[in-house]
$ cat work_38.cif   # mmCIF, C-alpha atoms
data_upload
#
loop_
_atom_site.label_atom_id
_atom_site.label_comp_id
_atom_site.auth_asym_id
_atom_site.auth_seq_id
_atom_site.Cartn_x
_atom_site.Cartn_y
_atom_site.Cartn_z
CA MET A 1 0.00 0.00 0.00
CA SER A 2 1.50 3.21 -1.11
CA MET A 3 0.97 6.53 0.54
CA GLU A 4 0.87 9.83 -1.41
CA CYS A 5 2.07 12.99 0.21
CA SER A 6 -0.28 15.90 -0.45
CA LEU A 7 1.41 19.32 -0.55
CA PRO A 8 -0.40 22.33 0.81
CA PRO A 9 -1.77 24.71 -1.86
CA PRO A 10 0.43 27.71 -2.69
CA PRO A 11 -0.39 30.88 -0.82
CA PRO A 12 -2.59 33.38 -2.66
CA PRO A 13 -0.78 36.21 -4.43
CA PRO A 14 -0.42 39.37 -2.44
CA PRO A 15 -3.06 42.04 -3.11
CA PRO A 16 -2.08 44.70 -5.63
CA PRO A 17 -0.57 47.83 -4.18
CA PRO A 18 -2.95 50.74 -3.72
CA PRO A 19 -3.08 53.16 -6.67
CA ALA A 20 -0.67 56.03 -6.55
CA PRO A 21 -2.25 59.23 -5.40
CA ALA A 22 -3.28 61.57 -8.22
CA PRO A 23 -0.78 64.34 -8.76
CA ALA A 24 -1.72 67.61 -7.20
CA PRO A 25 -3.37 69.91 -9.73
CA GLY A 26 -1.03 72.51 -11.10
CA PRO A 27 -1.85 76.12 -11.79
CA PRO A 28 -4.39 76.63 -14.58
CA PRO A 29 -2.93 77.51 -17.95
CA PRO A 30 -2.74 81.24 -18.59
CA PRO A 31 -5.64 82.59 -20.63
CA ALA A 32 -4.94 83.19 -24.28
CA SER A 33 -3.79 86.75 -24.58
CA ALA A 34 -5.89 89.03 -26.72
CA PRO A 35 -4.15 90.62 -29.69
CA LYS A 36 -2.37 93.76 -28.66
CA LYS A 37 -4.42 96.83 -29.43
CA LYS A 38 -3.13 99.48 -31.76
CA LEU A 39 -2.65 102.92 -30.20
CA TYR A 40 -5.61 104.37 -32.12
CA GLN A 41 -7.83 101.51 -30.85
CA THR A 42 -6.76 102.17 -27.26
CA ILE A 43 -7.49 105.88 -27.60
CA ALA A 44 -10.88 105.26 -29.20
CA SER A 45 -11.91 102.76 -26.52
CA SER A 46 -11.90 105.54 -23.91
CA ARG A 47 -13.95 107.99 -25.97
CA ASN A 48 -17.41 108.38 -27.39
CA PRO A 49 -18.26 109.88 -30.77
CA VAL A 50 -19.89 113.31 -30.85
CA GLU A 51 -23.19 113.10 -32.72
CA GLY A 52 -24.95 115.78 -34.74
CA ASP A 53 -24.49 117.39 -38.14
CA HIS A 54 -22.72 120.49 -36.81
CA THR A 55 -21.81 119.83 -33.16
CA GLU A 56 -18.28 118.55 -33.61
CA ALA A 57 -17.60 120.70 -36.66
CA LEU A 58 -18.36 123.86 -34.68
CA THR A 59 -15.91 122.77 -31.99
CA LEU A 60 -13.22 122.25 -34.64
CA LEU A 61 -13.90 125.67 -36.16
CA SER A 62 -13.81 127.44 -32.81
CA GLN A 63 -10.43 125.83 -32.05
CA ARG A 64 -9.05 127.01 -35.39
CA GLU A 65 -10.97 130.26 -35.73
CA SER A 66 -7.87 132.33 -36.45
CA SER A 67 -7.12 130.15 -39.50
CA PHE A 68 -10.12 131.40 -41.48
CA ARG A 69 -10.05 134.64 -43.41
CA LYS A 70 -12.52 137.12 -42.04
CA ASP A 71 -12.76 138.95 -45.37
CA LEU A 72 -14.68 135.95 -46.71
CA GLN A 73 -18.18 134.71 -46.01
CA TRP A 74 -18.21 131.18 -44.60
CA ILE A 75 -20.92 128.55 -44.82
CA LEU A 76 -20.95 125.03 -43.40
CA MET A 77 -22.85 122.04 -44.75
CA ASN A 78 -22.51 118.60 -43.14
CA THR A 79 -24.51 115.41 -42.64
CA TYR A 80 -23.44 113.29 -39.69
CA VAL A 81 -22.02 109.82 -40.28
CA PRO A 82 -21.44 107.33 -37.43
CA SER A 83 -17.92 106.35 -36.41
CA LEU A 84 -16.33 102.90 -36.56
CA ILE A 85 -12.78 101.92 -35.58
CA GLN A 86 -11.11 99.56 -38.01
CA ASP A 87 -9.67 96.17 -37.06
CA GLY A 88 -6.63 95.58 -39.24
CA PRO A 89 -6.19 97.06 -42.73
CA GLN A 90 -9.90 97.66 -43.25
CA CYS A 91 -9.86 101.44 -43.71
CA GLY A 92 -11.67 101.37 -47.05
CA LEU A 93 -14.32 98.92 -45.90
CA VAL A 94 -14.91 100.89 -42.70
CA ALA A 95 -15.18 104.15 -44.69
CA LEU A 96 -17.77 102.47 -46.91
CA TRP A 97 -19.72 101.25 -43.86
CA MET A 98 -19.80 104.80 -42.49
CA ALA A 99 -20.84 106.23 -45.86
CA ALA A 100 -23.69 103.72 -46.09
CA HIS A 101 -25.27 105.31 -43.03
CA LEU A 102 -25.25 108.84 -44.44
CA ARG A 103 -28.78 109.57 -45.62
CA GLN A 104 -29.46 105.93 -44.76
CA LEU A 105 -28.15 104.52 -48.02
CA GLN A 106 -28.26 101.15 -46.28
CA PRO A 107 -28.83 101.70 -42.54
CA SER A 108 -29.08 98.01 -41.67
CA ILE A 109 -25.76 96.98 -43.22
CA ASP A 110 -23.29 95.35 -40.83
CA MET A 111 -19.54 95.37 -41.14
CA ASP A 112 -19.32 91.61 -41.59
CA THR A 113 -21.49 91.84 -44.70
CA VAL A 114 -19.15 94.45 -46.19
CA VAL A 115 -16.07 92.34 -45.43
CA GLN A 116 -17.51 89.03 -46.64
CA THR A 117 -18.79 90.57 -49.87
CA ALA A 118 -15.40 92.12 -50.60
CA LEU A 119 -13.70 88.77 -49.92
CA SER A 120 -16.13 86.81 -52.07
CA ARG A 121 -15.64 89.20 -54.99
CA ARG A 122 -11.86 88.95 -54.55
CA TYR A 123 -11.52 92.68 -54.08
CA THR A 124 -9.49 92.06 -50.92
CA VAL A 125 -7.69 89.41 -48.87
CA GLN A 126 -6.80 91.18 -45.62
CA GLY A 127 -9.38 93.99 -45.77
CA GLU A 128 -7.25 96.25 -47.98
CA MET A 129 -8.78 98.11 -50.93
CA PHE A 130 -6.18 99.27 -53.45
CA SER A 131 -8.69 99.83 -56.26
CA ALA A 132 -11.13 102.74 -56.34
CA ASN A 133 -12.98 101.01 -59.16
CA ASN A 134 -13.53 97.92 -57.00
CA MET A 135 -14.67 100.21 -54.20
CA ALA A 136 -17.35 101.69 -56.48
CA LEU A 137 -18.52 98.20 -57.48
CA LEU A 138 -18.59 97.04 -53.86
CA ALA A 139 -20.56 100.13 -52.82
CA GLU A 140 -23.22 99.44 -55.43
CA GLU A 141 -23.59 95.84 -54.26
CA VAL A 142 -23.68 96.30 -50.50
CA CYS A 143 -25.29 99.76 -50.28
CA GLY A 144 -27.78 99.58 -53.12
CA CYS A 145 -26.57 102.96 -54.32
CA LYS A 146 -24.96 104.26 -57.49
CA GLY A 147 -21.15 104.36 -57.24
CA GLU A 148 -19.48 106.91 -59.50
CA LEU A 149 -15.73 106.58 -60.08
CA LEU A 150 -14.08 109.99 -60.35
CA SER A 151 -10.66 110.00 -62.02
CA GLY A 152 -8.18 112.57 -63.26
CA GLY A 153 -7.43 114.22 -59.92
CA LEU A 154 -9.45 116.10 -57.32
CA THR A 155 -8.88 119.63 -58.65
CA GLY A 156 -10.60 121.76 -61.30
CA LYS A 157 -13.90 120.38 -62.55
CA ASN A 158 -13.57 117.31 -60.33
CA ALA A 159 -13.23 119.54 -57.27
CA GLU A 160 -16.44 121.32 -58.30
CA THR A 161 -18.13 117.92 -58.67
CA ILE A 162 -17.05 116.86 -55.18
CA ILE A 163 -18.20 120.14 -53.62
CA THR A 164 -21.60 119.97 -55.33
CA HIS A 165 -21.98 116.33 -54.32
CA LEU A 166 -21.25 117.05 -50.66
CA TRP A 167 -23.53 120.11 -50.76
CA GLY A 168 -26.29 117.72 -51.79
CA ARG A 169 -25.62 115.63 -48.65
CA GLN A 170 -24.07 112.73 -50.53
CA PRO A 171 -20.85 111.01 -49.33
CA VAL A 172 -17.49 110.80 -51.09
CA LEU A 173 -14.89 108.07 -50.47
CA ILE A 174 -11.35 109.39 -50.89
CA PRO A 175 -8.01 107.55 -50.76
CA TYR A 176 -5.05 109.55 -49.46
CA ASP A 177 -1.77 109.18 -47.57
CA GLU A 178 -2.44 109.35 -43.84
CA ASP A 179 -0.04 111.17 -41.51
CA TYR A 180 0.39 110.20 -37.86
CA ASN A 181 -2.33 112.69 -36.86
CA HIS A 182 -4.60 111.19 -39.57
CA GLU A 183 -4.32 114.27 -41.78
CA PRO A 184 -3.33 114.10 -45.47
CA CYS A 185 0.39 113.86 -46.17
CA GLN A 186 2.60 112.88 -49.09
CA ARG A 187 4.39 109.55 -48.64
CA SER A 188 4.14 108.25 -52.22
CA GLY A 189 1.34 105.88 -51.20
CA HIS A 190 3.27 104.17 -48.41
CA ARG A 191 0.56 105.23 -45.93
CA ALA A 192 -2.42 104.84 -48.26
CA HIS A 193 -5.69 105.15 -46.35
CA TRP A 194 -9.39 105.79 -47.02
CA ALA A 195 -11.72 108.42 -45.57
CA VAL A 196 -15.37 109.32 -46.10
CA ALA A 197 -16.18 113.00 -46.62
CA SER A 198 -19.66 114.07 -45.51
CA GLY A 199 -19.56 117.86 -45.51
CA VAL A 200 -17.92 121.06 -46.75
CA LEU A 201 -16.89 124.40 -45.34
CA LEU A 202 -16.87 127.05 -48.06
CA GLY A 203 -15.14 130.44 -47.99
CA LEU A 204 -16.87 132.83 -50.41
CA ASP A 205 -16.36 136.31 -51.76
CA GLN A 206 -18.27 138.91 -49.78
CA GLY A 207 -21.75 139.32 -51.22
CA SER A 208 -21.76 135.84 -52.82
CA LEU A 209 -23.84 134.21 -50.11
CA SER A 210 -27.58 134.47 -50.03
CA THR A 211 -28.75 134.13 -46.45
CA GLU A 212 -32.26 133.06 -47.47
CA HIS A 213 -31.57 129.38 -46.79
CA THR A 214 -28.97 129.76 -44.04
CA GLU A 215 -28.89 130.52 -40.36
CA ALA A 216 -26.16 132.31 -38.46
CA ASP A 217 -24.35 130.32 -35.80
CA PRO A 218 -24.77 131.98 -32.38
CA THR A 219 -21.29 130.95 -31.19
CA LEU A 220 -19.36 131.88 -34.35
CA PRO A 221 -20.98 135.00 -35.80
CA TRP A 222 -18.84 134.87 -38.97
CA LEU A 223 -20.24 131.42 -39.86
CA HIS A 224 -23.49 130.50 -41.61
CA LEU A 225 -25.07 127.05 -41.44
CA ALA A 226 -26.82 125.71 -44.54
CA SER A 227 -30.41 124.84 -43.74
CA ASN A 228 -31.74 123.87 -47.16
CA THR A 229 -29.93 121.78 -49.77
CA SER A 230 -32.48 122.53 -52.45
CA SER A 231 -30.68 125.82 -53.00
CA PRO A 232 -27.76 125.58 -55.45
CA CYS A 233 -24.20 125.37 -54.22
CA PRO A 234 -22.90 128.94 -53.78
CA ALA A 235 -20.58 130.50 -56.36
CA GLY A 236 -17.56 132.69 -55.68
CA LEU A 237 -15.53 130.00 -53.90
CA ARG A 238 -12.15 131.06 -52.54
CA GLU A 239 -11.37 128.37 -49.97
CA VAL A 240 -12.77 124.86 -49.53
CA TYR A 241 -12.45 122.45 -46.61
CA ILE A 242 -14.01 119.02 -46.26
CA LEU A 243 -15.30 117.31 -43.13
CA ALA A 244 -14.20 113.68 -43.09
CA LYS A 245 -13.99 110.60 -40.91
CA GLN A 246 -11.66 107.62 -41.15
CA GLY A 247 -11.27 104.32 -39.33
CA LYS A 248 -8.57 105.26 -36.83
CA SER A 249 -10.49 107.91 -34.92
CA LEU A 250 -14.02 108.56 -33.71
CA ARG A 251 -13.60 112.26 -34.46
CA TYR A 252 -14.41 114.38 -37.46
CA GLN A 253 -11.45 116.07 -39.12
CA LEU A 254 -11.35 119.24 -41.19
CA TRP A 255 -8.96 119.25 -44.16
CA SER A 256 -8.44 121.68 -47.00
CA LEU A 257 -9.57 120.11 -50.25
CA ASP A 258 -6.27 121.18 -51.83
CA SER A 259 -4.25 119.16 -49.28
CA VAL A 260 -6.44 116.11 -49.89
CA ALA A 261 -6.07 116.47 -53.67
CA GLN A 262 -2.28 116.72 -53.42
CA SER A 263 -2.10 113.65 -51.18
CA ASN A 264 -4.46 111.70 -53.41
CA GLU A 265 -2.57 112.56 -56.60
CA GLN A 266 0.78 111.12 -55.43
CA LEU A 267 -0.42 107.65 -54.37
CA ARG A 268 2.08 105.57 -56.35
CA THR A 269 3.47 102.54 -54.52
CA MET A 270 2.76 100.27 -51.60
CA ASP A 271 4.88 100.58 -48.48
CA PRO A 272 7.99 98.44 -49.28
CA GLN A 273 7.86 96.85 -45.82
CA ARG A 274 4.26 95.78 -46.36
CA ALA A 275 4.98 94.62 -49.92
CA SER A 276 7.76 92.31 -48.71
CA ASP A 277 6.23 90.96 -45.47
CA GLY A 278 4.89 87.82 -47.15
CA THR A 279 1.24 88.80 -46.69
CA GLN A 280 -1.05 88.47 -49.68
CA TYR A 281 -2.86 91.58 -50.91
CA VAL A 282 -5.07 92.35 -53.89
CA VAL A 283 -3.32 95.00 -55.98
CA PRO A 284 -4.68 95.91 -59.42
CA GLN A 285 -2.65 95.74 -62.60
CA GLY A 286 -0.56 98.88 -62.66
CA GLY A 287 -0.20 98.89 -58.88
CA VAL A 288 -1.35 101.43 -56.30
CA GLU A 289 -0.96 104.31 -58.74
CA ALA A 290 -3.36 102.76 -61.26
CA GLY A 291 -5.78 101.77 -58.52
CA LEU A 292 -5.94 104.91 -56.38
CA ALA A 293 -4.05 107.96 -57.65
CA GLY A 294 -6.24 110.86 -58.70
CA GLN A 295 -9.42 108.92 -57.95
CA ALA A 296 -12.39 109.09 -55.60
CA VAL A 297 -15.81 107.41 -55.36
CA LEU A 298 -19.05 109.40 -55.23
CA LEU A 299 -22.02 107.55 -53.75
CA HIS A 300 -25.49 108.55 -55.01
CA THR A 301 -28.81 107.46 -53.66
CA ARG A 302 -30.76 105.77 -56.43
CA THR A 303 -33.17 108.70 -56.66
CA GLN A 304 -30.36 111.10 -57.45
CA GLN A 305 -28.79 111.11 -60.88
#
$ encode --input "work_38.cif" --output "structure tokens"
Amino acid sequence: MSMECSLPPPPPPPPPPPPAPAPAPGPPPPPASAPKKKLYQTIASSRNPVEGDHTEALTLLSQRESSFRKDLQWILMNTYVPSLIQDGPQCGLVALWMAAHLRQLQPSIDMDTVVQTALSRRYTVQGEMFSANNMALLAEEVCGCKGELLSGGLTGKNAETIITHLWGRQPVLIPYDEDYNHEPCQRSGHRAHWAVASGVLLGLDQGSLSTEHTEADPTLPWLHLASNTSSPCPAGLREVYILAKQGKSLRYQLWSLDSVAQSNEQLRTMDPQRASDGTQYVVPQGGVEAGLAGQAVLLHTRTQQ
């Protein structure tokens, strides 16, 4: 009789070690930083636009009262346009948006519609508008108005056309070289910019102004305010200023039409630094000079021919 030895079963495996404690949470990631604001955006963010056809213009005139010849009669005509600060190189599109609100050419238009239409028509890539002809076409599409391309400079007969157009409370889009204070300068197109003109200040020979359709300003007794645009634009012009807005300030600016014409005429080339920065832009055949120099865009409501 044989005997078998039975061995005890092996001990059970040890229990698994407890899970390692979760690492302590670290500091939350820093929030994504917003793009750094341009100086003009920072300035505008702390201000409010001044509304009214004449309110801000009268302030400008009172500050520069000594600049205006007192041997002339002066009359002011302006129609208020709202302000909008541009985001990137959108000066032309912003000027068009502002112009659309003058006389309510298209009061419900939003800036995104202007931008997307310009992109879809391949008038722009970054928001730039280096073609006055494209600007006229874009204005007709998004504003439902008639866009008239003016070429051949902003002096002589064209200056008369601009003055008459503004007298009739119709906006004018004007490309020019912008100085650091936003005024017209001459940089060969390196600082090409767009503004919308909405009014005129006219200096006339004594006796040229009929006061039938004007009212005297109580704060500036040498100034008359036009109260009726059905009257023809006065003759006997000696000095002409335009009231304009552009996308880097909420404020109206007052420029002599001669200075604007000189700046507009010498728009020739893109800023070399911008041209070589690798960014794509839409530039017409013939460059900035062919697209902008000596040109402006008059916007007409459809009822005005």
$ residues_around --input "work_38.cif" --residues "Arg122 of chain A" --least-positions-apart "6" --cutoff "10 Å" --atoms "only C-alpha atoms" --output "ChimeraX atom specification"
/A:116,134,282
$ closest_residue --input "work_38.cif" --among "A:Ser67, A:Ser188, A:Ser198, A:Thr214" --to "Pro272 of chain A" --atoms "only C-alpha atoms"
A:Ser188
$ atom_distance --input "work_38.cif" --atom1 "atom CA of Val142 of chain A" --atom2 "atom CA of Val114 of chain A"
6.5 Å
$ atom_distance --input "work_38.cif" --atom1 "atom CA of Lys157 of chain A" --atom2 "atom CA of Asn133 of chain A"
19.7 Å
$ closest_atom_pairs --input "work_38.cif" --of "segment 121-177 of chain A" --to "segment 97-101 of chain A" --cutoff "10 Å" --atoms "all atoms listed in the file" --output "CSV"
residue,atom,partner,partner_atom,distance
A:Ala139,CA,A:Ala100,CA,8.2
A:Val142,CA,A:Ala100,CA,8.6
A:Cys143,CA,A:Ala100,CA,6.0
A:Gly144,CA,A:Ala100,CA,9.1
A:Cys145,CA,A:Ala100,CA,8.8
A:Gln170,CA,A:Ala99,CA,8.6
A:Pro171,CA,A:Ala99,CA,5.9
A:Val172,CA,A:Ala99,CA,7.7
A:Leu173,CA,A:Ala99,CA,7.7
$ resolve_selection --input "work_38.cif" --expression "the PyMOL selection byres ((chain A and resi 194) around 12)" --output "mmCIF file with C-alpha atoms, in the coordinates of the input"
data_model
loop_
_atom_site.group_PDB
_atom_site.id
_atom_site.type_symbol
_atom_site.label_atom_id
_atom_site.label_comp_id
_atom_site.auth_asym_id
_atom_site.auth_seq_id
_atom_site.Cartn_x
_atom_site.Cartn_y
_atom_site.Cartn_z
ATOM 1 C CA GLN A 86 -11.110 99.560 -38.010
ATOM 2 C CA PRO A 89 -6.190 97.060 -42.730
ATOM 3 C CA GLN A 90 -9.900 97.660 -43.250
ATOM 4 C CA CYS A 91 -9.860 101.440 -43.710
ATOM 5 C CA GLY A 92 -11.670 101.370 -47.050
ATOM 6 C CA LEU A 93 -14.320 98.920 -45.900
ATOM 7 C CA VAL A 94 -14.910 100.890 -42.700
ATOM 8 C CA ALA A 95 -15.180 104.150 -44.690
ATOM 9 C CA LEU A 96 -17.770 102.470 -46.910
ATOM 10 C CA TRP A 97 -19.720 101.250 -43.860
ATOM 11 C CA MET A 98 -19.800 104.800 -42.490
ATOM 12 C CA ALA A 99 -20.840 106.230 -45.860
ATOM 13 C CA GLY A 127 -9.380 93.990 -45.770
ATOM 14 C CA GLU A 128 -7.250 96.250 -47.980
ATOM 15 C CA MET A 129 -8.780 98.110 -50.930
ATOM 16 C CA PHE A 130 -6.180 99.270 -53.450
ATOM 17 C CA SER A 131 -8.690 99.830 -56.260
ATOM 18 C CA ALA A 132 -11.130 102.740 -56.340
ATOM 19 C CA MET A 135 -14.670 100.210 -54.200
ATOM 20 C CA VAL A 172 -17.490 110.800 -51.090
ATOM 21 C CA LEU A 173 -14.890 108.070 -50.470
ATOM 22 C CA ILE A 174 -11.350 109.390 -50.890
ATOM 23 C CA PRO A 175 -8.010 107.550 -50.760
ATOM 24 C CA TYR A 176 -5.050 109.550 -49.460
ATOM 25 C CA ASP A 177 -1.770 109.180 -47.570
ATOM 26 C CA GLU A 178 -2.440 109.350 -43.840
ATOM 27 C CA HIS A 182 -4.600 111.190 -39.570
ATOM 28 C CA GLU A 183 -4.320 114.270 -41.780
ATOM 29 C CA PRO A 184 -3.330 114.100 -45.470
ATOM 30 C CA GLY A 189 1.340 105.880 -51.200
ATOM 31 C CA ARG A 191 0.560 105.230 -45.930
ATOM 32 C CA ALA A 192 -2.420 104.840 -48.260
ATOM 33 C CA HIS A 193 -5.690 105.150 -46.350
ATOM 34 C CA ALA A 195 -11.720 108.420 -45.570
ATOM 35 C CA VAL A 196 -15.370 109.320 -46.100
ATOM 36 C CA ALA A 197 -16.180 113.000 -46.620
ATOM 37 C CA ALA A 244 -14.200 113.680 -43.090
ATOM 38 C CA LYS A 245 -13.990 110.600 -40.910
ATOM 39 C CA GLN A 246 -11.660 107.620 -41.150
ATOM 40 C CA GLY A 247 -11.270 104.320 -39.330
ATOM 41 C CA LYS A 248 -8.570 105.260 -36.830
ATOM 42 C CA VAL A 260 -6.440 116.110 -49.890
ATOM 43 C CA SER A 263 -2.100 113.650 -51.180
ATOM 44 C CA ASN A 264 -4.460 111.700 -53.410
ATOM 45 C CA LEU A 267 -0.420 107.650 -54.370
ATOM 46 C CA LEU A 292 -5.940 104.910 -56.380
ATOM 47 C CA GLN A 295 -9.420 108.920 -57.950
ATOM 48 C CA ALA A 296 -12.390 109.090 -55.600
ATOM 49 C CA VAL A 297 -15.810 107.410 -55.360
#
$ resolve_selection --input "work_38.cif" --expression "the PyMOL selection byres ((chain A and resi 83) around 7)" --output "PyMOL selection string"
chain A and resi 49+81-82+84-85+98+250
$ write_last_selection --input "work_38.cif" --atoms "C-alpha atoms" --output "PDB file, keeping the file's coordinate frame"
ATOM      1  CA  PRO A  49     -18.260 109.880 -30.770  1.00  0.00           C
ATOM      2  CA  VAL A  81     -22.020 109.820 -40.280  1.00  0.00           C
ATOM      3  CA  PRO A  82     -21.440 107.330 -37.430  1.00  0.00           C
ATOM      4  CA  LEU A  84     -16.330 102.900 -36.560  1.00  0.00           C
ATOM      5  CA  ILE A  85     -12.780 101.920 -35.580  1.00  0.00           C
ATOM      6  CA  MET A  98     -19.800 104.800 -42.490  1.00  0.00           C
ATOM      7  CA  LEU A 250     -14.020 108.560 -33.710  1.00  0.00           C
TER       8      LEU A 250
END
$ residues_around --input "work_38.cif" --residues "Gly203 of chain A" --least-positions-apart "2" --cutoff "7 Å" --atoms "all atoms listed in the file" --output "list of chain:residue names"
A:Leu72, A:Gln73, A:Trp74, A:Ile75, A:Leu201, A:Leu237, A:Arg238, A:Glu239, A:Val240
$ write_last_selection --input "work_38.cif" --atoms "C-alpha atoms" --output "PDB file, in the frame of the given file"
ATOM      1  CA  LEU A  72     -14.680 135.950 -46.710  1.00  0.00           C
ATOM      2  CA  GLN A  73     -18.180 134.710 -46.010  1.00  0.00           C
ATOM      3  CA  TRP A  74     -18.210 131.180 -44.600  1.00  0.00           C
ATOM      4  CA  ILE A  75     -20.920 128.550 -44.820  1.00  0.00           C
ATOM      5  CA  LEU A 201     -16.890 124.400 -45.340  1.00  0.00           C
ATOM      6  CA  LEU A 237     -15.530 130.000 -53.900  1.00  0.00           C
ATOM      7  CA  ARG A 238     -12.150 131.060 -52.540  1.00  0.00           C
ATOM      8  CA  GLU A 239     -11.370 128.370 -49.970  1.00  0.00           C
ATOM      9  CA  VAL A 240     -12.770 124.860 -49.530  1.00  0.00           C
TER      10      VAL A 240
END
$ atom_distance --input "work_38.cif" --atom1 "atom CA of Asp53 of chain A" --atom2 "atom CA of Asn78 of chain A"
5.5 Å
